[in-house]
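To be precise, the following lines are protein-v3.cif, and they hold mmCIF, C-alpha atoms (C1' of nucleotides).
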data_protein
loop_
_atom_site.group_PDB
_atom_site.id
_atom_site.type_symbol
_atom_site.label_atom_id
_atom_site.label_comp_id
_atom_site.auth_asym_id
_atom_site.auth_seq_id
_atom_site.Cartn_x
_atom_site.Cartn_y
_atom_site.Cartn_z
ATOM 1 C CA MET A 1 124.705 109.128 97.775
ATOM 2 C CA PRO A 2 124.786 109.605 101.525
ATOM 3 C CA GLU A 3 126.642 112.504 103.004
ATOM 4 C CA GLU A 4 130.266 111.632 103.476
ATOM 5 C CA ARG A 5 132.340 112.488 106.539
ATOM 6 C CA LEU A 6 135.970 112.034 107.332
ATOM 7 C CA PRO A 7 136.658 109.468 110.061
ATOM 8 C CA GLN A 8 136.205 110.749 113.590
ATOM 9 C CA PRO A 9 136.058 109.150 117.021
ATOM 10 C CA ASP A 10 132.763 108.286 118.629
ATOM 11 C CA VAL A 11 131.688 110.685 121.362
ATOM 12 C CA ALA A 12 132.225 108.059 124.042
ATOM 13 C CA ASP A 13 135.760 107.456 122.825
ATOM 14 C CA ILE A 14 136.939 111.049 123.098
ATOM 15 C CA GLU A 15 139.844 111.236 125.541
ATOM 16 C CA LEU A 16 140.105 114.401 127.559
ATOM 17 C CA SER A 17 143.898 114.432 127.515
ATOM 18 C CA LYS A 18 143.935 114.199 123.720
ATOM 19 C CA LEU A 19 141.306 116.901 123.478
ATOM 20 C CA LEU A 20 143.343 119.216 125.689
ATOM 21 C CA GLN A 21 146.516 118.410 123.846
ATOM 22 C CA ALA A 22 144.768 119.338 120.602
ATOM 23 C CA LEU A 23 143.794 122.686 122.114
ATOM 24 C CA GLY A 24 147.269 123.221 123.532
ATOM 25 C CA ASP A 25 148.474 124.895 120.379
ATOM 26 C CA PRO A 26 147.876 128.554 119.539
ATOM 27 C CA VAL A 27 146.806 127.880 115.972
ATOM 28 C CA ARG A 28 144.304 125.190 116.898
ATOM 29 C CA LEU A 29 143.024 127.190 119.842
ATOM 30 C CA HIS A 30 142.357 130.023 117.424
ATOM 31 C CA LEU A 31 140.550 127.705 115.022
ATOM 32 C CA PHE A 32 138.525 126.397 117.936
ATOM 33 C CA ARG A 33 137.342 129.891 118.717
ATOM 34 C CA VAL A 34 136.422 130.551 115.111
ATOM 35 C CA TYR A 35 134.542 127.278 114.737
ATOM 36 C CA ALA A 36 132.687 127.971 117.964
ATOM 37 C CA GLU A 37 131.001 130.918 116.314
ATOM 38 C CA GLY A 38 128.964 128.314 114.516
ATOM 39 C CA GLY A 39 128.541 127.253 110.939
ATOM 40 C CA GLU A 40 130.863 125.376 108.691
ATOM 41 C CA TYR A 41 134.168 126.471 107.285
ATOM 42 C CA HIS A 42 136.112 124.973 104.463
ATOM 43 C CA CYS A 43 139.844 124.885 104.863
ATOM 44 C CA SER A 44 140.677 127.815 102.624
ATOM 45 C CA ALA A 45 137.896 130.012 103.938
ATOM 46 C CA GLU A 46 138.799 133.597 104.563
ATOM 47 C CA GLY A 47 138.504 134.789 108.103
ATOM 48 C CA LEU A 48 140.077 131.668 109.521
ATOM 49 C CA GLY A 49 143.169 133.692 110.319
ATOM 50 C CA VAL A 50 145.601 131.065 109.152
ATOM 51 C CA ASP A 51 146.613 132.697 105.893
ATOM 52 C CA HIS A 52 150.234 132.801 106.993
ATOM 53 C CA LEU A 53 150.410 129.002 107.160
ATOM 54 C CA HIS A 54 150.948 126.570 104.344
ATOM 55 C CA LYS A 55 147.852 124.708 103.254
ATOM 56 C CA SER A 56 149.380 121.410 104.290
ATOM 57 C CA THR A 57 149.978 122.796 107.758
ATOM 58 C CA VAL A 58 146.359 123.836 108.039
ATOM 59 C CA SER A 59 145.324 120.406 106.840
ATOM 60 C CA HIS A 60 147.488 118.888 109.574
ATOM 61 C CA HIS A 61 145.907 120.997 112.304
ATOM 62 C CA MET A 62 142.425 120.129 111.101
ATOM 63 C CA ARG A 63 143.217 116.462 111.190
ATOM 64 C CA VAL A 64 144.513 116.722 114.755
ATOM 65 C CA MET A 65 141.334 118.477 115.842
ATOM 66 C CA ARG A 66 139.124 115.980 114.078
ATOM 67 C CA GLU A 67 140.949 112.955 115.484
ATOM 68 C CA ALA A 68 140.771 114.463 118.951
ATOM 69 C CA GLY A 69 137.015 114.622 118.564
ATOM 70 C CA LEU A 70 136.708 118.393 118.482
ATOM 71 C CA THR A 71 135.444 118.801 114.946
ATOM 72 C CA THR A 72 133.552 116.985 112.277
ATOM 73 C CA THR A 73 134.316 117.242 108.580
ATOM 74 C CA ARG A 74 131.763 116.926 105.847
ATOM 75 C CA VAL A 75 133.036 116.165 102.377
ATOM 76 C CA VAL A 76 131.275 117.929 99.526
ATOM 77 C CA GLY A 77 132.973 117.769 96.208
ATOM 78 C CA ARG A 78 136.455 119.062 96.585
ATOM 79 C CA ASN A 79 135.625 121.012 99.736
ATOM 80 C CA ARG A 80 135.688 119.831 103.335
ATOM 81 C CA TYR A 81 133.315 121.642 105.617
ATOM 82 C CA VAL A 82 134.554 121.646 109.176
ATOM 83 C CA SER A 83 132.434 122.427 112.212
ATOM 84 C CA LEU A 84 132.664 122.069 115.955
ATOM 85 C CA ARG A 85 130.953 119.056 117.533
ATOM 86 C CA ARG A 86 129.405 121.419 120.029
ATOM 87 C CA GLY A 87 126.379 119.360 120.980
ATOM 88 C CA GLU A 88 128.252 116.130 121.488
ATOM 89 C CA LEU A 89 131.026 117.856 123.407
ATOM 90 C CA ASP A 90 128.529 119.550 125.687
ATOM 91 C CA GLU A 91 126.851 116.243 126.309
ATOM 92 C CA ARG A 92 130.101 114.482 127.116
ATOM 93 C CA PHE A 93 131.895 117.312 128.954
ATOM 94 C CA PRO A 94 129.213 119.657 130.276
ATOM 95 C CA GLY A 95 130.319 123.252 130.507
ATOM 96 C CA LEU A 96 133.808 122.653 129.196
ATOM 97 C CA VAL A 97 133.454 124.266 125.787
ATOM 98 C CA GLY A 98 131.666 127.213 127.333
ATOM 99 C CA ALA A 99 134.345 127.720 129.947
ATOM 100 C CA LEU A 100 137.059 127.503 127.311
ATOM 101 C CA LEU A 101 135.345 130.087 125.150
ATOM 102 C CA GLY A 102 134.904 132.325 128.151
ATOM 103 C CA ALA A 103 138.583 131.986 128.917
ATOM 104 C CA LEU A 104 139.401 132.922 125.336
ATOM 105 C CA GLU A 105 137.265 136.009 125.400
ATOM 106 C CA GLY A 106 138.618 137.222 128.752
ATOM 107 C CA MET B 1 162.587 134.269 156.997
ATOM 108 C CA PRO B 2 159.668 134.722 154.592
ATOM 109 C CA GLU B 3 158.058 131.732 153.026
ATOM 110 C CA GLU B 4 159.863 130.734 149.895
ATOM 111 C CA ARG B 5 158.185 129.763 146.656
ATOM 112 C CA LEU B 6 159.519 128.496 143.388
ATOM 113 C CA PRO B 7 159.131 130.947 140.489
ATOM 114 C CA GLN B 8 155.706 131.013 138.901
ATOM 115 C CA PRO B 9 153.954 133.258 136.395
ATOM 116 C CA ASP B 10 151.670 136.016 137.530
ATOM 117 C CA VAL B 11 147.986 135.253 137.155
ATOM 118 C CA ALA B 12 147.596 137.821 134.418
ATOM 119 C CA ASP B 13 150.432 136.242 132.458
ATOM 120 C CA ILE B 14 148.987 132.750 132.342
ATOM 121 C CA GLU B 15 148.473 131.737 128.715
ATOM 122 C CA LEU B 16 145.534 129.497 128.027
ATOM 123 C CA SER B 17 147.317 127.567 125.311
ATOM 124 C CA LYS B 18 150.210 126.778 127.641
ATOM 125 C CA LEU B 19 147.810 125.811 130.387
ATOM 126 C CA LEU B 20 145.986 123.425 128.070
ATOM 127 C CA GLN B 21 149.209 122.038 126.739
ATOM 128 C CA ALA B 22 150.294 121.322 130.297
ATOM 129 C CA LEU B 23 147.055 119.442 130.894
ATOM 130 C CA GLY B 24 147.343 117.605 127.603
ATOM 131 C CA ASP B 25 149.401 114.843 129.165
ATOM 132 C CA PRO B 26 147.895 111.893 131.033
ATOM 133 C CA VAL B 27 150.340 112.106 133.935
ATOM 134 C CA ARG B 28 149.832 115.811 134.497
ATOM 135 C CA LEU B 29 146.086 115.527 134.032
ATOM 136 C CA HIS B 30 146.120 112.919 136.772
ATOM 137 C CA LEU B 31 148.180 115.144 139.040
ATOM 138 C CA PHE B 32 145.766 117.974 138.331
ATOM 139 C CA ARG B 33 142.891 115.871 139.554
ATOM 140 C CA VAL B 34 144.749 114.875 142.703
ATOM 141 C CA TYR B 35 145.783 118.446 143.476
ATOM 142 C CA ALA B 36 142.227 119.601 142.938
ATOM 143 C CA GLU B 37 141.144 117.604 145.963
ATOM 144 C CA GLY B 38 142.823 120.338 147.945
ATOM 145 C CA GLY B 39 145.768 120.556 150.267
ATOM 146 C CA GLU B 40 149.431 120.357 149.532
ATOM 147 C CA TYR B 41 151.459 117.445 148.307
ATOM 148 C CA HIS B 42 155.174 117.011 148.336
ATOM 149 C CA CYS B 43 156.666 115.309 145.336
ATOM 150 C CA SER B 44 157.213 111.908 146.887
ATOM 151 C CA ALA B 45 153.863 111.844 148.625
ATOM 152 C CA GLU B 46 152.031 108.557 148.461
ATOM 153 C CA GLY B 47 148.695 108.617 146.747
ATOM 154 C CA LEU B 48 149.970 110.751 143.905
ATOM 155 C CA GLY B 49 149.817 107.725 141.656
ATOM 156 C CA VAL B 50 153.107 108.383 139.966
ATOM 157 C CA ASP B 51 155.142 105.699 141.713
ATOM 158 C CA HIS B 52 155.978 104.074 138.416
ATOM 159 C CA LEU B 53 157.847 107.170 137.252
ATOM 160 C CA HIS B 54 161.366 108.203 138.079
ATOM 161 C CA LYS B 55 161.626 111.035 140.573
ATOM 162 C CA SER B 56 163.274 113.271 138.001
ATOM 163 C CA THR B 57 160.368 112.661 135.643
ATOM 164 C CA VAL B 58 157.915 113.687 138.340
ATOM 165 C CA SER B 59 160.025 116.754 139.014
ATOM 166 C CA HIS B 60 159.836 117.612 135.326
ATOM 167 C CA HIS B 61 156.045 117.329 135.233
ATOM 168 C CA MET B 62 155.716 119.500 138.301
ATOM 169 C CA ARG B 63 157.876 122.155 136.760
ATOM 170 C CA VAL B 64 155.764 122.172 133.600
ATOM 171 C CA MET B 65 152.597 122.590 135.633
ATOM 172 C CA ARG B 66 154.099 125.338 137.741
ATOM 173 C CA GLU B 67 155.462 127.263 134.769
ATOM 174 C CA ALA B 68 152.078 126.961 133.053
ATOM 175 C CA GLY B 69 150.534 128.629 136.081
ATOM 176 C CA LEU B 70 148.557 125.650 137.299
ATOM 177 C CA THR B 71 150.323 125.061 140.576
ATOM 178 C CA THR B 72 152.304 126.863 143.222
ATOM 179 C CA THR B 73 155.212 125.340 145.089
ATOM 180 C CA ARG B 74 156.185 126.207 148.627
ATOM 181 C CA VAL B 75 159.694 125.316 149.721
ATOM 182 C CA VAL B 76 160.057 124.017 153.250
ATOM 183 C CA GLY B 77 163.359 122.455 154.092
ATOM 184 C CA ARG B 78 164.067 119.741 151.609
ATOM 185 C CA ASN B 79 160.386 119.335 150.721
ATOM 186 C CA ARG B 80 158.373 121.184 148.084
ATOM 187 C CA TYR B 81 154.707 121.450 148.805
ATOM 188 C CA VAL B 82 152.686 121.710 145.631
ATOM 189 C CA SER B 83 149.097 122.883 145.429
ATOM 190 C CA LEU B 84 146.648 123.995 142.768
ATOM 191 C CA ARG B 85 146.226 127.739 142.257
ATOM 192 C CA ARG B 86 142.502 127.201 142.371
ATOM 193 C CA GLY B 87 141.429 130.640 143.462
ATOM 194 C CA GLU B 88 143.553 132.508 140.961
ATOM 195 C CA LEU B 89 142.588 130.160 138.143
ATOM 196 C CA ASP B 90 138.902 130.591 138.920
ATOM 197 C CA GLU B 91 139.347 134.321 138.915
ATOM 198 C CA ARG B 92 141.159 134.345 135.599
ATOM 199 C CA PHE B 93 139.221 131.554 133.837
ATOM 200 C CA PRO B 94 135.823 131.308 135.518
ATOM 201 C CA GLY B 95 134.356 127.836 135.470
ATOM 202 C CA LEU B 96 137.246 126.254 133.635
ATOM 203 C CA VAL B 97 138.744 124.244 136.481
ATOM 204 C CA GLY B 98 135.316 123.083 137.534
ATOM 205 C CA ALA B 99 134.403 121.966 134.031
ATOM 206 C CA LEU B 100 137.695 120.128 133.687
ATOM 207 C CA LEU B 101 137.159 118.310 136.960
ATOM 208 C CA GLY B 102 133.645 117.423 135.921
ATOM 209 C CA ALA B 103 134.982 116.038 132.669
ATOM 210 C CA LEU B 104 137.494 113.963 134.602
ATOM 211 C CA GLU B 105 134.891 112.495 136.888
ATOM 212 C CA GLY B 106 132.482 111.636 134.070
ATOM 213 C "C1'" DC C 1 180.323 115.514 161.047
ATOM 214 C "C1'" DC C 2 178.257 111.891 158.350
ATOM 215 C "C1'" DG C 3 174.773 109.484 156.299
ATOM 216 C "C1'" DA C 4 170.083 109.359 154.690
ATOM 217 C "C1'" DA C 5 166.358 111.748 152.427
ATOM 218 C "C1'" DT C 6 164.284 115.024 148.999
ATOM 219 C "C1'" DG C 7 164.444 117.127 144.784
ATOM 220 C "C1'" DT C 8 166.920 119.392 140.867
ATOM 221 C "C1'" DT C 9 169.939 119.400 136.930
ATOM 222 C "C1'" DG C 10 172.241 117.692 132.904
ATOM 223 C "C1'" DG C 11 172.991 114.121 129.520
ATOM 224 C "C1'" DA C 12 171.195 110.606 126.586
ATOM 225 C "C1'" DT C 13 167.673 108.707 123.839
ATOM 226 C "C1'" DA C 14 163.565 107.618 121.479
ATOM 227 C "C1'" DG C 15 159.580 109.461 119.780
ATOM 228 C "C1'" DG C 16 156.386 113.258 118.838
ATOM 229 C "C1'" DT C 17 155.327 117.854 116.542
ATOM 230 C "C1'" DG C 18 154.897 122.136 113.661
ATOM 231 C "C1'" DT C 19 156.287 123.789 109.478
ATOM 232 C "C1'" DC C 20 157.278 123.956 104.564
ATOM 233 C "C1'" DA C 21 157.704 122.061 99.917
ATOM 234 C "C1'" DA C 22 156.619 119.024 96.327
ATOM 235 C "C1'" DA C 23 153.875 115.599 94.501
ATOM 236 C "C1'" DC C 24 149.494 113.568 94.252
ATOM 237 C "C1'" DA C 25 144.230 112.821 93.969
ATOM 238 C "C1'" DG C 26 139.724 114.133 93.240
ATOM 239 C "C1'" DT C 27 136.461 117.592 91.556
ATOM 240 C "C1'" DG C 28 134.452 121.284 88.916
ATOM 241 C "C1'" DC C 29 134.472 124.111 84.824
ATOM 242 C "C1'" DC C 30 135.145 125.361 80.102
ATOM 243 C "C1'" DG D 1 139.847 116.308 77.468
ATOM 244 C "C1'" DG D 2 142.384 119.650 79.782
ATOM 245 C "C1'" DC D 3 143.071 122.951 83.223
ATOM 246 C "C1'" DA D 4 142.283 125.164 87.615
ATOM 247 C "C1'" DC D 5 141.028 124.447 92.386
ATOM 248 C "C1'" DT D 6 140.916 122.190 97.021
ATOM 249 C "C1'" DG D 7 142.882 119.565 100.069
ATOM 250 C "C1'" DT D 8 145.839 115.257 101.419
ATOM 251 C "C1'" DT D 9 150.061 112.772 101.722
ATOM 252 C "C1'" DT D 10 154.837 112.165 102.070
ATOM 253 C "C1'" DG D 11 159.385 113.607 103.082
ATOM 254 C "C1'" DA D 12 162.573 116.653 105.228
ATOM 255 C "C1'" DC D 13 163.993 119.371 108.960
ATOM 256 C "C1'" DA D 14 164.340 121.600 113.336
ATOM 257 C "C1'" DC D 15 162.582 121.518 117.663
ATOM 258 C "C1'" DC D 16 160.328 119.927 121.606
ATOM 259 C "C1'" DT D 17 159.224 116.263 125.057
ATOM 260 C "C1'" DA D 18 158.743 112.214 128.134
ATOM 261 C "C1'" DT D 19 161.573 109.136 130.172
ATOM 262 C "C1'" DC D 20 165.548 107.208 132.603
ATOM 263 C "C1'" DC D 21 170.041 107.492 134.781
ATOM 264 C "C1'" DA D 22 173.798 109.546 137.238
ATOM 265 C "C1'" DA D 23 175.529 113.303 139.649
ATOM 266 C "C1'" DC D 24 174.728 117.060 142.481
ATOM 267 C "C1'" DA D 25 172.821 120.381 146.184
ATOM 268 C "C1'" DT D 26 170.413 120.985 150.241
ATOM 269 C "C1'" DT D 27 168.553 119.589 154.467
ATOM 270 C "C1'" DC D 28 167.410 116.810 158.408
ATOM 271 C "C1'" DG D 29 168.787 113.491 162.108
ATOM 272 C "C1'" DG D 30 171.973 111.003 164.915
#

Structure encoded using structure tokens:
Amino acid sequence: MPEERLPQPDVADIELSKLLQALGDPVRLHLFRVYAEGGEYHCSAEGLGVDHLHKSTVSHHMRVMREAGLTTTRVVGRNRYVSLRRGELDERFPGLVGALLGALEG
Amino acid sequence: MPEERLPQPDVADIELSKLLQALGDPVRLHLFRVYAEGGEYHCSAEGLGVDHLHKSTVSHHMRVMREAGLTTTRVVGRNRYVSLRRGELDERFPGLVGALLGALEG
DNA sequence: CCGAATGTTGGATAGGTGTCAAACAGTGCC
DNA sequence: GGCACTGTTTGACACCTATCCAACATTCGG
């Protein structure tokens, strides 16, 4: 069976205002930084720094990020592996992700 | 009398999540692009592209942008001249404004 | 002084949002 | 089959927000 992914917008359909709105929340901005370190994270992974939030709240935030085009979600069994669409974002908005990460580190 | 400005956060106090939230609205993202062309604009200036909105709505958007740290507002008589805090933003978040503008032009 | 112009403020309203809780669905394990 | 685990969905709730309108404050020009 082919690898299954949750629905996500095509790169060309990503709207900048929706992307920025998705990042305009402290929790999602934090997740963005974590995802940017590379690799995949399932929703209950430790080190995400969202332990204080209800699992349904985390699920909500991940959906917002995915629908904004920031992340992609691979479904494996009962886990969903989330990762940043770094390559596609860099292609569509050159330098943006890098500048955002730099701003987060500052 | 010294030049008067509306209250605005100090550069060091600008929060990235608030800045992104301010830009996460189509109207304000449009204003951001216009302001980035340089110069000052008073609220009823033509060419702002917000003619379809009520003046109080425009006033609201400008306040959000100012309080997020994006813009500065100089008060002259009954006019308020708004401009992007480009230099300070570049100092605090290097490359971010440029990447955003590039993303808007793409 | 009076009227026109520029914005701001407050109310009203409809819709969006972040959060939790409970119920549900699918999956893996014994 | 039955239970635990992972995550989604729905509802509820409080809060925020984008918009318009009306009223107001301030300022400029006769």

Please provide the set of residues having any atom within 8 Å of A:Phe32, restricted to only C-alpha atoms (C1' of nucleotides), with same-chain residues fewer than 4 positions apart removed, written as a count of residues only. 4

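Near chain C, counting only C-alpha atoms (C1' of nucleotides) at 8 Å, the chain A residues are His54, Thr57, Gly77 and Arg78 of chain A.
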
Listing only residues of chain B within 6 Å of chain A, what is the closest atom pair and its distance in Å (to one decimal) for each, using all atoms listed in the file, sorted by chain and residue number ascending, as a Markdown table?
| residue | atom | partner | partner_atom | distance |
| --- | --- | --- | --- | --- |
| B:Ser17 | CA | A:Gly24 | CA | 4.7 |
| B:Leu20 | CA | A:Gly24 | CA | 4.7 |
| B:Gln21 | CA | A:Gly24 | CA | 3.9 |
| B:Gly24 | CA | A:Gln21 | CA | 3.9 |
| B:Asp25 | CA | A:Ser17 | CA | 5.8 |
| B:Pro26 | CA | A:Ser17 | CA | 5.9 |
| B:Phe93 | CA | A:Ala103 | CA | 5.0 |
| B:Gly95 | CA | A:Ala99 | CA | 5.5 |
| B:Leu96 | CA | A:Ala99 | CA | 4.9 |
| B:Ala99 | CA | A:Leu96 | CA | 4.9 |
| B:Ala103 | CA | A:Phe93 | CA | 5.0 |

Gap from atom CA of B:Pro9 to atom C1' of D:DT17 - Å, one decimal: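 These atoms are spaced 21.1 Å apart.
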
Residues of chain A no more than 9 Å from chain D, counting only C-alpha atoms (C1' of nucleotides): send them over as a list of chain:residue names. A:Cys43, A:Ser44, A:Lys55, A:Ser56, A:Ser59, A:Arg78, A:Asn79, A:Arg80

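Put simply, atom CA of A:Val11 is 6.4 Å away from atom CA of A:Glu88.
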
As AutoDock Vina command-line options, please: the centre and edge lengths in Å, to one decimal, of an axis-aligned box enclosing every listed atom of stretch 10-15 of chain D with 3 Å added on each side.
--center_x 159.6 --center_y 116.9 --center_z 109.9 --size_x 15.5 --size_y 15.4 --size_z 21.6

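One finds atom CA of A:Leu89 at 26.0 Å from atom CA of B:Gly87.
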
Enumerate, as a PyMOL selection string, the residues matched when the PyMOL selection byres ((chain A and resi 72) around 6) is run on the file above. chain A and resi 66+71+73+82-83

Would you export the selected residues with C-alpha atoms as a PDB file, keeping the file's coordinate frame, please?
ATOM      1  CA  ARG A  66     139.124 115.980 114.078  1.00  0.00           C
ATOM      2  CA  THR A  71     135.444 118.801 114.946  1.00  0.00           C
ATOM      3  CA  THR A  73     134.316 117.242 108.580  1.00  0.00           C
ATOM      4  CA  VAL A  82     134.554 121.646 109.176  1.00  0.00           C
ATOM      5  CA  SER A  83     132.434 122.427 112.212  1.00  0.00           C
TER       6      SER A  83
END

For stretch 20-46 of chain A, where the input has fewer atoms than it should, I would like N, CA and C atoms rebuilt and written as a PDB file, keeping the file's coordinate frame.
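Written output follows (result.pdb):
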ATOM      1  N   LEU A  20     142.613 118.072 125.163  1.00  0.00           N
ATOM      2  CA  LEU A  20     143.343 119.216 125.689  1.00  0.00           C
ATOM      3  C   LEU A  20     144.660 119.403 124.961  1.00  0.00           C
ATOM      4  N   GLN A  21     145.271 118.299 124.598  1.00  0.00           N
ATOM      5  CA  GLN A  21     146.516 118.410 123.846  1.00  0.00           C
ATOM      6  C   GLN A  21     146.258 119.074 122.496  1.00  0.00           C
ATOM      7  N   ALA A  22     145.117 118.725 121.884  1.00  0.00           N
ATOM      8  CA  ALA A  22     144.768 119.338 120.602  1.00  0.00           C
ATOM      9  C   ALA A  22     144.574 120.841 120.760  1.00  0.00           C
ATOM     10  N   LEU A  23     144.021 121.264 121.887  1.00  0.00           N
ATOM     11  CA  LEU A  23     143.794 122.686 122.114  1.00  0.00           C
ATOM     12  C   LEU A  23     145.034 123.390 122.636  1.00  0.00           C
ATOM     13  N   GLY A  24     146.060 122.640 122.967  1.00  0.00           N
ATOM     14  CA  GLY A  24     147.269 123.221 123.532  1.00  0.00           C
ATOM     15  C   GLY A  24     148.226 123.739 122.481  1.00  0.00           C
ATOM     16  N   ASP A  25     147.678 124.300 121.450  1.00  0.00           N
ATOM     17  CA  ASP A  25     148.474 124.895 120.379  1.00  0.00           C
ATOM     18  C   ASP A  25     147.776 126.180 119.959  1.00  0.00           C
ATOM     19  N   PRO A  26     148.507 127.272 119.833  1.00  0.00           N
ATOM     20  CA  PRO A  26     147.876 128.554 119.539  1.00  0.00           C
ATOM     21  C   PRO A  26     147.041 128.551 118.258  1.00  0.00           C
ATOM     22  N   VAL A  27     147.555 127.899 117.226  1.00  0.00           N
ATOM     23  CA  VAL A  27     146.806 127.880 115.972  1.00  0.00           C
ATOM     24  C   VAL A  27     145.481 127.145 116.139  1.00  0.00           C
ATOM     25  N   ARG A  28     145.538 125.971 116.747  1.00  0.00           N
ATOM     26  CA  ARG A  28     144.304 125.190 116.898  1.00  0.00           C
ATOM     27  C   ARG A  28     143.350 125.845 117.887  1.00  0.00           C
ATOM     28  N   LEU A  29     143.891 126.490 118.897  1.00  0.00           N
ATOM     29  CA  LEU A  29     143.024 127.190 119.842  1.00  0.00           C
ATOM     30  C   LEU A  29     142.284 128.321 119.126  1.00  0.00           C
ATOM     31  N   HIS A  30     143.000 128.970 118.207  1.00  0.00           N
ATOM     32  CA  HIS A  30     142.357 130.023 117.424  1.00  0.00           C
ATOM     33  C   HIS A  30     141.264 129.441 116.532  1.00  0.00           C
ATOM     34  N   LEU A  31     141.554 128.341 115.874  1.00  0.00           N
ATOM     35  CA  LEU A  31     140.550 127.705 115.022  1.00  0.00           C
ATOM     36  C   LEU A  31     139.338 127.286 115.853  1.00  0.00           C
ATOM     37  N   PHE A  32     139.610 126.792 117.046  1.00  0.00           N
ATOM     38  CA  PHE A  32     138.525 126.397 117.936  1.00  0.00           C
ATOM     39  C   PHE A  32     137.581 127.565 118.192  1.00  0.00           C
ATOM     40  N   ARG A  33     138.169 128.718 118.457  1.00  0.00           N
ATOM     41  CA  ARG A  33     137.342 129.891 118.717  1.00  0.00           C
ATOM     42  C   ARG A  33     136.511 130.265 117.486  1.00  0.00           C
ATOM     43  N   VAL A  34     137.150 130.201 116.334  1.00  0.00           N
ATOM     44  CA  VAL A  34     136.422 130.551 115.111  1.00  0.00           C
ATOM     45  C   VAL A  34     135.284 129.556 114.865  1.00  0.00           C
ATOM     46  N   TYR A  35     135.575 128.293 114.978  1.00  0.00           N
ATOM     47  CA  TYR A  35     134.542 127.278 114.737  1.00  0.00           C
ATOM     48  C   TYR A  35     133.390 127.440 115.719  1.00  0.00           C
ATOM     49  N   ALA A  36     133.722 127.869 116.936  1.00  0.00           N
ATOM     50  CA  ALA A  36     132.687 127.971 117.964  1.00  0.00           C
ATOM     51  C   ALA A  36     131.656 129.039 117.639  1.00  0.00           C
ATOM     52  N   GLU A  37     131.981 129.903 116.703  1.00  0.00           N
ATOM     53  CA  GLU A  37     131.001 130.918 116.314  1.00  0.00           C
ATOM     54  C   GLU A  37     129.859 130.302 115.515  1.00  0.00           C
ATOM     55  N   GLY A  38     130.021 129.043 115.190  1.00  0.00           N
ATOM     56  CA  GLY A  38     128.964 128.314 114.516  1.00  0.00           C
ATOM     57  C   GLY A  38     129.172 128.265 113.025  1.00  0.00           C
ATOM     58  N   GLY A  39     128.444 127.391 112.374  1.00  0.00           N
ATOM     59  CA  GLY A  39     128.541 127.253 110.939  1.00  0.00           C
ATOM     60  C   GLY A  39     129.680 126.346 110.527  1.00  0.00           C
ATOM     61  N   GLU A  40     129.827 126.241 109.237  1.00  0.00           N
ATOM     62  CA  GLU A  40     130.863 125.376 108.691  1.00  0.00           C
ATOM     63  C   GLU A  40     131.892 126.222 107.958  1.00  0.00           C
ATOM     64  N   TYR A  41     133.088 125.750 107.941  1.00  0.00           N
ATOM     65  CA  TYR A  41     134.168 126.471 107.285  1.00  0.00           C
ATOM     66  C   TYR A  41     134.958 125.486 106.452  1.00  0.00           C
ATOM     67  N   HIS A  42     135.194 125.825 105.199  1.00  0.00           N
ATOM     68  CA  HIS A  42     136.112 124.973 104.463  1.00  0.00           C
ATOM     69  C   HIS A  42     137.522 125.505 104.693  1.00  0.00           C
ATOM     70  N   CYS A  43     138.489 124.664 104.371  1.00  0.00           N
ATOM     71  CA  CYS A  43     139.844 124.885 104.863  1.00  0.00           C
ATOM     72  C   CYS A  43     140.456 126.185 104.367  1.00  0.00           C
ATOM     73  N   SER A  44     140.077 126.606 103.181  1.00  0.00           N
ATOM     74  CA  SER A  44     140.677 127.815 102.624  1.00  0.00           C
ATOM     75  C   SER A  44     139.784 129.029 102.825  1.00  0.00           C
ATOM     76  N   ALA A  45     138.813 128.898 103.707  1.00  0.00           N
ATOM     77  CA  ALA A  45     137.896 130.012 103.938  1.00  0.00           C
ATOM     78  C   ALA A  45     138.647 131.213 104.469  1.00  0.00           C
ATOM     79  N   GLU A  46     138.228 132.380 103.998  1.00  0.00           N
ATOM     80  CA  GLU A  46     138.799 133.597 104.563  1.00  0.00           C
ATOM     81  C   GLU A  46     138.238 133.803 105.967  1.00  0.00           C
TER      82      GLU A  46
END
